[in-house]
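Trainee: One structure follows; several queries about it will come next.
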Amino acid sequence: MMRLEVRAADKIRDLAKMQAIASQALASGDARCSIHPGDLAWWVHHEDPRLADSTTYWLMGDSGFAVLVEGKDINALTVPGGDLVGLIEWSRQRLDDQAEVGSVSEADTELVSYLPASGFEPSSYMLNFEMDLTDGEVPTPDLGHGWELRHVRDEEEANNRREASHRAFASKMDPQAHLDRYLRFMRSPVYDYERDLVAVAPDGRIAAFMVWWPDPSGIALVDPFGTHPEFHRQE
């Protein structure tokens with residue numbers, strides 16, 4: 001295997017370059033699982049401060065990148081035709097013996113063959129849901145009396161928005177630290193109020209939320225999204 005030229009990336013300065021790689025991978029439409037450019041924006045600008053010192057970003061020229069988390073988690077991606085196996089091996093050599101590789105499609109014959117042969121075993125399965133919005137209209141939801149479906153208006157709603165997320169994901173982060181983290185995200189260059197959507201209950205609490213991320217590939221991402229547990233299974 002040829003020697004890869006990989007350098008440490010500055011997660012802020014090199015974000016656009018990593019997003020361009022991810023966008024090319026998305027646009028290719030191949031069977032490989034792709035990291036969405038919105039994922040990268042979220043990871044960088046909504047980073048968990050408890051993981052900040054254990055997450056590193058690496059660039060393989062203009063053809064690939066790897067995000068290594070907590071000394072074991074490999075999130076690697078290349079443009080179509082890039083040496084993804086080589087980048088995973090390069091990353092593995094820099095991690096502990098418990099290295100894990102992020103999502104792999106069952107249709108990705110190269111990784112499905114390479115990973116078990118290299119000692120990796122599947123640990124969990126997940127479903128990826130997609131919707132084609134190019135045909136037909138998205139129905140307008142029928143909200144009950146007093147409910148609102150809109151975007152977050154300003155930073156004064158940050159704590160209300162944070163509370164919904166904190167409860168939805170059963171976060172153990174200190175509430176003030178969680179609020180500070182969300183405010184940093186809101187003040188970052190990747191944030192757009194109009195893409196931070198919320199369902200607001202009649203009592204003013206944010207009951208559900210989602211952030212959506214557009215991309216030049218034409219494939220948008222909805223993530224994160226969730227519902228405050230006190231509003232589960234309501235009609």
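All residue names refer to the structure tokens as shown: chains lettered A, B, ... in order, residues numbered from 1 in each chain, ligands numbered from 1 in order.
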With segment 121-136 of chain A as the partner and 12 Å as the cut-off, tabulate the residues of segment 43-110 of chain A that qualify, each row holding the nearest pair of atoms and their distance in Å to one decimal, using only C-alpha atoms, sorted by chain and rising number, as JSON lines.

Mentor:
{"residue": "A:Gln98", "atom": "CA", "partner": "A:Glu121", "partner_atom": "CA", "distance": 11.0}
{"residue": "A:Ala99", "atom": "CA", "partner": "A:Glu121", "partner_atom": "CA", "distance": 10.7}
{"residue": "A:Glu100", "atom": "CA", "partner": "A:Glu121", "partner_atom": "CA", "distance": 9.0}
{"residue": "A:Val101", "atom": "CA", "partner": "A:Pro122", "partner_atom": "CA", "distance": 9.3}
{"residue": "A:Gly102", "atom": "CA", "partner": "A:Pro122", "partner_atom": "CA", "distance": 10.2}
{"residue": "A:Ser103", "atom": "CA", "partner": "A:Met126", "partner_atom": "CA", "distance": 8.3}
{"residue": "A:Val104", "atom": "CA", "partner": "A:Pro122", "partner_atom": "CA", "distance": 9.3}
{"residue": "A:Ser105", "atom": "CA", "partner": "A:Asn128", "partner_atom": "CA", "distance": 9.7}
{"residue": "A:Glu106", "atom": "CA", "partner": "A:Tyr125", "partner_atom": "CA", "distance": 10.1}

Trainee: So that I can check the surroundings of Asp196 of chain A, please list as a ChimeraX atom specification every protein, DNA and RNA residue that reaches within 8 Å of it, counting only C-alpha atoms and ignoring chain neighbours fewer than 3 positions away.

Mentor: /A:151-152,192-193,209-212

Trainee: Using the chain letters and numbers from this document, which residues of segment 166-229 of chain A does DSSP assign to alpha helix (DSSP H), as a ChimeraX atom specification?

Mentor: /A:166-168,175-186

Trainee: What would the file look like if the residues just selected were written as a compact mmCIF listing (two decimals), in the first residue's frame with all heavy atoms?

Mentor:
# COMPACT_ATOMS: atom_id res chain seq x y z
N HIS A 166 -32.09 18.72 25.63
CA HIS A 166 -31.53 18.09 26.82
C HIS A 166 -32.41 16.94 27.28
O HIS A 166 -31.92 15.85 27.62
CB HIS A 166 -31.39 19.15 27.93
CG HIS A 166 -30.46 18.77 29.03
ND1 HIS A 166 -30.87 18.04 30.13
CD2 HIS A 166 -29.14 19.02 29.23
CE1 HIS A 166 -29.86 17.88 30.96
NE2 HIS A 166 -28.79 18.44 30.43
N ARG A 167 -33.72 17.16 27.28
CA ARG A 167 -34.66 16.13 27.73
C ARG A 167 -34.83 15.04 26.67
O ARG A 167 -34.93 13.85 27.01
CB ARG A 167 -36.01 16.77 28.06
CG ARG A 167 -35.99 17.70 29.28
CD ARG A 167 -35.77 16.93 30.58
NE ARG A 167 -36.72 15.86 30.75
CZ ARG A 167 -37.98 16.02 31.20
NH1 ARG A 167 -38.42 17.23 31.51
NH2 ARG A 167 -38.78 14.98 31.34
N ALA A 168 -34.88 15.43 25.41
CA ALA A 168 -35.10 14.45 24.35
C ALA A 168 -33.99 13.41 24.30
O ALA A 168 -34.24 12.22 24.07
CB ALA A 168 -35.21 15.16 23.00
N PRO A 175 -26.90 21.71 32.84
CA PRO A 175 -27.77 22.56 32.02
C PRO A 175 -27.12 23.87 31.58
O PRO A 175 -27.32 24.30 30.44
CB PRO A 175 -28.98 22.80 32.93
CG PRO A 175 -29.03 21.58 33.80
CD PRO A 175 -27.60 21.22 34.04
N GLN A 176 -26.35 24.51 32.46
CA GLN A 176 -25.72 25.77 32.08
C GLN A 176 -24.65 25.53 31.01
O GLN A 176 -24.55 26.30 30.04
CB GLN A 176 -25.09 26.46 33.29
CG GLN A 176 -24.48 27.83 32.96
CD GLN A 176 -25.49 28.81 32.40
OE1 GLN A 176 -26.56 29.01 32.97
NE2 GLN A 176 -25.17 29.44 31.26
N ALA A 177 -23.88 24.45 31.17
CA ALA A 177 -22.88 24.12 30.15
C ALA A 177 -23.56 23.78 28.83
O ALA A 177 -23.06 24.13 27.75
CB ALA A 177 -22.01 22.94 30.62
N HIS A 178 -24.70 23.12 28.92
CA HIS A 178 -25.45 22.78 27.72
C HIS A 178 -25.98 24.03 27.02
O HIS A 178 -25.95 24.13 25.79
CB HIS A 178 -26.61 21.85 28.10
CG HIS A 178 -27.16 21.05 26.97
ND1 HIS A 178 -28.46 21.14 26.57
CD2 HIS A 178 -26.57 20.14 26.14
CE1 HIS A 178 -28.67 20.32 25.56
NE2 HIS A 178 -27.55 19.70 25.27
N LEU A 179 -26.44 24.99 27.80
CA LEU A 179 -26.91 26.27 27.24
C LEU A 179 -25.75 27.02 26.60
O LEU A 179 -25.89 27.55 25.49
CB LEU A 179 -27.56 27.12 28.32
CG LEU A 179 -28.00 28.53 27.90
CD1 LEU A 179 -29.00 28.47 26.76
CD2 LEU A 179 -28.58 29.29 29.09
N ASP A 180 -24.61 27.08 27.28
CA ASP A 180 -23.44 27.77 26.72
C ASP A 180 -23.04 27.14 25.39
O ASP A 180 -22.67 27.84 24.43
CB ASP A 180 -22.28 27.71 27.70
CG ASP A 180 -22.53 28.53 28.96
OD1 ASP A 180 -23.42 29.40 28.94
OD2 ASP A 180 -21.83 28.29 29.96
N ARG A 181 -23.12 25.83 25.33
CA ARG A 181 -22.78 25.11 24.11
C ARG A 181 -23.73 25.48 22.99
O ARG A 181 -23.29 25.72 21.85
CB ARG A 181 -22.83 23.60 24.39
CG ARG A 181 -22.58 22.69 23.21
CD ARG A 181 -22.88 21.26 23.62
NE ARG A 181 -22.60 20.30 22.56
CZ ARG A 181 -22.93 19.01 22.63
NH1 ARG A 181 -23.53 18.54 23.71
NH2 ARG A 181 -22.64 18.19 21.65
N TYR A 182 -25.02 25.55 23.28
CA TYR A 182 -25.98 25.87 22.23
C TYR A 182 -25.85 27.32 21.77
O TYR A 182 -25.99 27.62 20.59
CB TYR A 182 -27.42 25.59 22.68
CG TYR A 182 -28.31 25.34 21.48
CD1 TYR A 182 -28.25 24.11 20.82
CD2 TYR A 182 -29.12 26.33 20.96
CE1 TYR A 182 -29.01 23.89 19.68
CE2 TYR A 182 -29.89 26.10 19.83
CZ TYR A 182 -29.82 24.88 19.19
OH TYR A 182 -30.55 24.67 18.05
N LEU A 183 -25.56 28.21 22.71
CA LEU A 183 -25.36 29.61 22.34
C LEU A 183 -24.13 29.76 21.43
O LEU A 183 -24.14 30.56 20.49
CB LEU A 183 -25.20 30.47 23.58
CG LEU A 183 -26.50 30.78 24.33
CD1 LEU A 183 -26.21 31.42 25.69
CD2 LEU A 183 -27.41 31.70 23.50
N ARG A 184 -23.08 29.00 21.70
CA ARG A 184 -21.90 29.04 20.81
C ARG A 184 -22.29 28.60 19.41
O ARG A 184 -21.83 29.18 18.42
CB ARG A 184 -20.78 28.14 21.37
CG ARG A 184 -20.03 28.73 22.55
CD ARG A 184 -18.74 27.98 22.81
NE ARG A 184 -18.96 26.59 23.17
CZ ARG A 184 -19.19 26.14 24.41
NH1 ARG A 184 -19.22 27.02 25.42
NH2 ARG A 184 -19.37 24.87 24.65
N PHE A 185 -23.12 27.57 19.32
CA PHE A 185 -23.58 27.11 18.01
C PHE A 185 -24.41 28.19 17.32
O PHE A 185 -24.22 28.48 16.14
CB PHE A 185 -24.41 25.84 18.20
CG PHE A 185 -25.11 25.36 16.96
CD1 PHE A 185 -24.40 25.07 15.80
CD2 PHE A 185 -26.49 25.20 16.95
CE1 PHE A 185 -25.05 24.63 14.66
CE2 PHE A 185 -27.14 24.76 15.81
CZ PHE A 185 -26.43 24.47 14.67
N MET A 186 -25.32 28.83 18.06
CA MET A 186 -26.16 29.87 17.47
C MET A 186 -25.35 31.06 16.97
O MET A 186 -25.75 31.74 16.01
CB MET A 186 -27.20 30.34 18.50
CG MET A 186 -28.21 29.28 18.91
SD MET A 186 -29.42 29.89 20.12
CE MET A 186 -30.57 30.73 19.04

Trainee: Point out the residue among A:Gln93, A:Ser188, A:Thr227, A:Gln234 with the least atom-to-atom distance to Ile206 of chain A, counting only C-alpha atoms.

Mentor: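 Once distances to Ile206 of chain A are computed over only C-alpha atoms, the minimum belongs to A:Thr227.
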
Trainee: Set the distance at 12 Å and use only C-alpha atoms: which residues neighbour segment 17-24 of chain A once local chain neighbours fewer than 4 positions away are removed? I'd like the list as JSON, numbers by chain.

Mentor: {"A": [9, 10, 11, 12, 13, 28, 29, 30, 32, 33, 34, 35, 36, 37, 38, 39, 40, 41, 42, 43, 44, 57, 58, 59, 60, 61, 62, 63, 64, 65, 66, 67, 75, 76, 77, 78, 79, 80, 81, 82, 190, 213, 214, 215, 216, 217, 218, 219, 220, 221]}

Trainee: Which one is closest to His45 of chain A: A:Ala8, A:Val200, A:Leu15, A:Val112? Count only C-alpha atoms.

Mentor: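 Among the listed residues, A:Leu15 lies closest to His45 of chain A.
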
Trainee: Name the residues in contact with Val85 of chain A at a cut-off of 10 Å, using only C-alpha atoms, excluding same-chain residues fewer than 4 positions from it; report them as a list of chain:residue names.

Mentor: A:Met1, A:Ala76, A:Leu77, A:Thr78, A:Glu89, A:Trp90, A:Ser91, A:Glu110, A:Leu111, A:Tyr114, A:Leu115

Trainee: Point out the residue among A:Met173, A:Ala52, A:Asp223, A:Leu84 with the least atom-to-atom distance to Asp108 of chain A, counting only C-alpha atoms.

Mentor: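 Comparing A:Met173, A:Ala52, A:Asp223, A:Leu84 against Asp108 of chain A, the winner is A:Leu84.
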
Trainee: Would you list the contacts of segment 139-141 of chain A as a list in words, taking every protein, DNA or RNA residue within 12 Å and counting only C-alpha atoms, but skipping same-chain residues closer than 5 positions in sequence?

Mentor: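 Here the qualifying residues turn out to be Leu133, Trp147, Glu148, Leu149, Arg150, Ala199 and Glu235 of chain A.
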
Trainee: Keeping only N, CA, C and O atoms, write those residues as an mmCIF file, in the first residue's frame.

Mentor:
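Writing the result to result_12.cif gives the following:
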data_model
loop_
_atom_site.group_PDB
_atom_site.id
_atom_site.type_symbol
_atom_site.label_atom_id
_atom_site.label_comp_id
_atom_site.auth_asym_id
_atom_site.auth_seq_id
_atom_site.Cartn_x
_atom_site.Cartn_y
_atom_site.Cartn_z
ATOM 1 N N LEU A 133 -38.103 14.803 -2.344
ATOM 2 C CA LEU A 133 -38.979 15.971 -2.291
ATOM 3 C C LEU A 133 -39.096 16.682 -3.633
ATOM 4 O O LEU A 133 -39.658 17.774 -3.715
ATOM 5 N N TRP A 147 -50.933 25.701 18.960
ATOM 6 C CA TRP A 147 -49.612 25.207 18.597
ATOM 7 C C TRP A 147 -49.024 26.053 17.470
ATOM 8 O O TRP A 147 -49.746 26.608 16.649
ATOM 9 N N GLU A 148 -47.686 26.133 17.451
ATOM 10 C CA GLU A 148 -46.973 26.840 16.385
ATOM 11 C C GLU A 148 -45.893 25.945 15.801
ATOM 12 O O GLU A 148 -45.235 25.196 16.530
ATOM 13 N N LEU A 149 -45.716 26.039 14.513
ATOM 14 C CA LEU A 149 -44.590 25.395 13.846
ATOM 15 C C LEU A 149 -43.814 26.504 13.156
ATOM 16 O O LEU A 149 -44.301 27.130 12.216
ATOM 17 N N ARG A 150 -42.599 26.759 13.606
ATOM 18 C CA ARG A 150 -41.831 27.904 13.108
ATOM 19 C C ARG A 150 -40.355 27.680 13.387
ATOM 20 O O ARG A 150 -39.961 26.636 13.930
ATOM 21 N N ALA A 199 -41.529 22.993 17.119
ATOM 22 C CA ALA A 199 -42.964 22.936 17.364
ATOM 23 C C ALA A 199 -43.166 23.448 18.788
ATOM 24 O O ALA A 199 -42.594 22.905 19.738
ATOM 25 N N GLU A 235 -51.434 13.232 20.015
ATOM 26 C CA GLU A 235 -52.087 13.453 18.729
ATOM 27 C C GLU A 235 -52.654 14.853 18.657
ATOM 28 O O GLU A 235 -53.070 15.410 19.643
#

Trainee: Figure out the distance between atom CA of Leu197 of chain A and atom CA of Asp174 of chain A, please, to one decimal in Å.

Mentor: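 Distance between the two atoms: 23.8 Å.
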
Trainee: Would you pick out the contacts of Arg94 of chain A at 12 Å or less, using only C-alpha atoms, so that residues sharing its chain but fewer than 6 positions from it are not included, and give the list as a PDB file with N, CA and C atoms, in the first residue's frame?

Mentor:
ATOM      1  N   THR A  56      -9.712  14.737  16.842  1.00  0.00           N
ATOM      2  CA  THR A  56      -8.744  15.318  15.909  1.00  0.00           C
ATOM      3  C   THR A  56      -9.255  15.172  14.482  1.00  0.00           C
ATOM      4  N   TRP A  58      -8.184  15.273  10.295  1.00  0.00           N
ATOM      5  CA  TRP A  58      -7.052  15.031   9.407  1.00  0.00           C
ATOM      6  C   TRP A  58      -7.504  15.130   7.960  1.00  0.00           C
ATOM      7  N   ALA A  66     -10.438  12.416   7.817  1.00  0.00           N
ATOM      8  CA  ALA A  66     -10.785  11.499   8.906  1.00  0.00           C
ATOM      9  C   ALA A  66     -10.993  12.317  10.180  1.00  0.00           C
ATOM     10  N   VAL A  67     -12.014  11.950  10.930  1.00  0.00           N
ATOM     11  CA  VAL A  67     -12.269  12.550  12.234  1.00  0.00           C
ATOM     12  C   VAL A  67     -12.133  11.430  13.252  1.00  0.00           C
ATOM     13  N   LEU A  68     -11.176  11.568  14.162  1.00  0.00           N
ATOM     14  CA  LEU A  68     -10.889  10.535  15.146  1.00  0.00           C
ATOM     15  C   LEU A  68     -11.351  11.020  16.512  1.00  0.00           C
ATOM     16  N   VAL A  69     -12.205  10.237  17.164  1.00  0.00           N
ATOM     17  CA  VAL A  69     -12.843  10.656  18.409  1.00  0.00           C
ATOM     18  C   VAL A  69     -12.493   9.701  19.545  1.00  0.00           C
ATOM     19  N   GLU A  70     -12.097  10.278  20.673  1.00  0.00           N
ATOM     20  CA  GLU A  70     -11.853   9.544  21.915  1.00  0.00           C
ATOM     21  C   GLU A  70     -10.886   8.377  21.743  1.00  0.00           C
ATOM     22  N   GLY A  71      -9.946   8.533  20.848  1.00  0.00           N
ATOM     23  CA  GLY A  71      -8.912   7.514  20.722  1.00  0.00           C
ATOM     24  C   GLY A  71      -9.367   6.207  20.132  1.00  0.00           C
ATOM     25  N   LYS A  72     -10.597   6.128  19.598  1.00  0.00           N
ATOM     26  CA  LYS A  72     -11.043   4.837  19.070  1.00  0.00           C
ATOM     27  C   LYS A  72     -12.010   4.933  17.883  1.00  0.00           C
ATOM     28  N   ASP A  73     -12.704   6.029  17.726  1.00  0.00           N
ATOM     29  CA  ASP A  73     -13.772   6.123  16.744  1.00  0.00           C
ATOM     30  C   ASP A  73     -13.263   6.768  15.459  1.00  0.00           C
ATOM     31  N   ILE A  74     -13.329   6.034  14.341  1.00  0.00           N
ATOM     32  CA  ILE A  74     -12.856   6.502  13.044  1.00  0.00           C
ATOM     33  C   ILE A  74     -14.044   6.896  12.178  1.00  0.00           C
ATOM     34  N   LEU A  87      -6.996   5.144   4.150  1.00  0.00           N
ATOM     35  CA  LEU A  87      -7.209   6.174   5.161  1.00  0.00           C
ATOM     36  C   LEU A  87      -7.669   5.561   6.481  1.00  0.00           C
ATOM     37  N   ILE A  88      -8.507   4.529   6.418  1.00  0.00           N
ATOM     38  CA  ILE A  88      -8.931   3.838   7.642  1.00  0.00           C
ATOM     39  C   ILE A  88      -7.732   3.159   8.297  1.00  0.00           C
TER      40      ILE A  88
END

Trainee: Rank A:Asp154, A:Ala117, A:Gly86, A:Thr55 by their smallest atom-to-atom distance to Tyr191 of chain A, using only C-alpha atoms, and report the top residue only.

Mentor: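 Ranked by minimum distance to Tyr191 of chain A, first place goes to A:Asp154.
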
Trainee: Atom CA of Ser171 of chain A and atom CA of Gly204 of chain A are how many Å apart?

Mentor: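 Answer for the atom CA of Ser171 of chain A to atom CA of Gly204 of chain A separation: 21.7 Å.
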
Trainee: Would you mind writing down, as a compact mmCIF listing (two decimals) with N, CA and C atoms, in the first residue's frame, each residue of segment 41-185 of chain A that DSSP on the backbone assigns to strand (DSSP E or B)?

Mentor:
# COMPACT_ATOMS: atom_id res chain seq x y z
N THR A 55 -10.76 14.85 20.15
CA THR A 55 -11.20 14.76 18.76
C THR A 55 -10.18 15.45 17.86
N THR A 56 -9.71 14.74 16.84
CA THR A 56 -8.74 15.32 15.91
C THR A 56 -9.25 15.17 14.48
N TYR A 57 -8.89 16.14 13.65
CA TYR A 57 -9.32 16.18 12.25
C TYR A 57 -8.08 16.08 11.37
N TRP A 58 -8.18 15.27 10.30
CA TRP A 58 -7.05 15.03 9.41
C TRP A 58 -7.50 15.13 7.96
N LEU A 59 -6.64 15.68 7.11
CA LEU A 59 -6.94 15.83 5.69
C LEU A 59 -5.98 15.02 4.84
N MET A 60 -6.53 14.31 3.86
CA MET A 60 -5.72 13.59 2.89
C MET A 60 -5.81 14.38 1.58
N GLY A 64 -9.79 13.29 0.79
CA GLY A 64 -10.38 12.59 1.92
C GLY A 64 -10.07 13.26 3.24
N PHE A 65 -10.80 12.85 4.25
CA PHE A 65 -10.56 13.35 5.61
C PHE A 65 -10.94 12.27 6.61
N ALA A 66 -10.44 12.42 7.82
CA ALA A 66 -10.78 11.50 8.91
C ALA A 66 -10.99 12.32 10.18
N VAL A 67 -12.01 11.95 10.93
CA VAL A 67 -12.27 12.55 12.23
C VAL A 67 -12.13 11.43 13.25
N LEU A 68 -11.18 11.57 14.16
CA LEU A 68 -10.89 10.53 15.15
C LEU A 68 -11.35 11.02 16.51
N VAL A 69 -12.20 10.24 17.16
CA VAL A 69 -12.84 10.66 18.41
C VAL A 69 -12.49 9.70 19.54
N ASP A 73 -12.70 6.03 17.73
CA ASP A 73 -13.77 6.12 16.74
C ASP A 73 -13.26 6.77 15.46
N ILE A 74 -13.33 6.03 14.34
CA ILE A 74 -12.86 6.50 13.04
C ILE A 74 -14.04 6.90 12.18
N ASN A 75 -14.09 8.16 11.78
CA ASN A 75 -15.08 8.63 10.81
C ASN A 75 -14.30 9.12 9.60
N ALA A 76 -14.22 8.31 8.57
CA ALA A 76 -13.39 8.63 7.42
C ALA A 76 -14.23 8.64 6.15
N LEU A 77 -13.83 9.50 5.20
CA LEU A 77 -14.56 9.62 3.94
C LEU A 77 -13.60 10.11 2.87
N THR A 78 -13.81 9.62 1.65
CA THR A 78 -13.03 10.10 0.51
C THR A 78 -13.98 10.43 -0.63
N GLU A 100 -12.92 1.72 16.16
CA GLU A 100 -14.24 1.48 15.58
C GLU A 100 -14.38 2.34 14.32
N VAL A 101 -15.07 1.80 13.33
CA VAL A 101 -15.33 2.52 12.09
C VAL A 101 -16.80 2.90 12.07
N GLU A 148 -47.69 26.13 17.45
CA GLU A 148 -46.97 26.84 16.38
C GLU A 148 -45.89 25.94 15.80
N LEU A 149 -45.72 26.04 14.51
CA LEU A 149 -44.59 25.40 13.85
C LEU A 149 -43.81 26.50 13.16
N ARG A 150 -42.60 26.76 13.61
CA ARG A 150 -41.83 27.90 13.11
C ARG A 150 -40.36 27.68 13.39
N HIS A 151 -39.54 28.68 13.03
CA HIS A 151 -38.12 28.60 13.37
C HIS A 151 -37.86 29.32 14.69
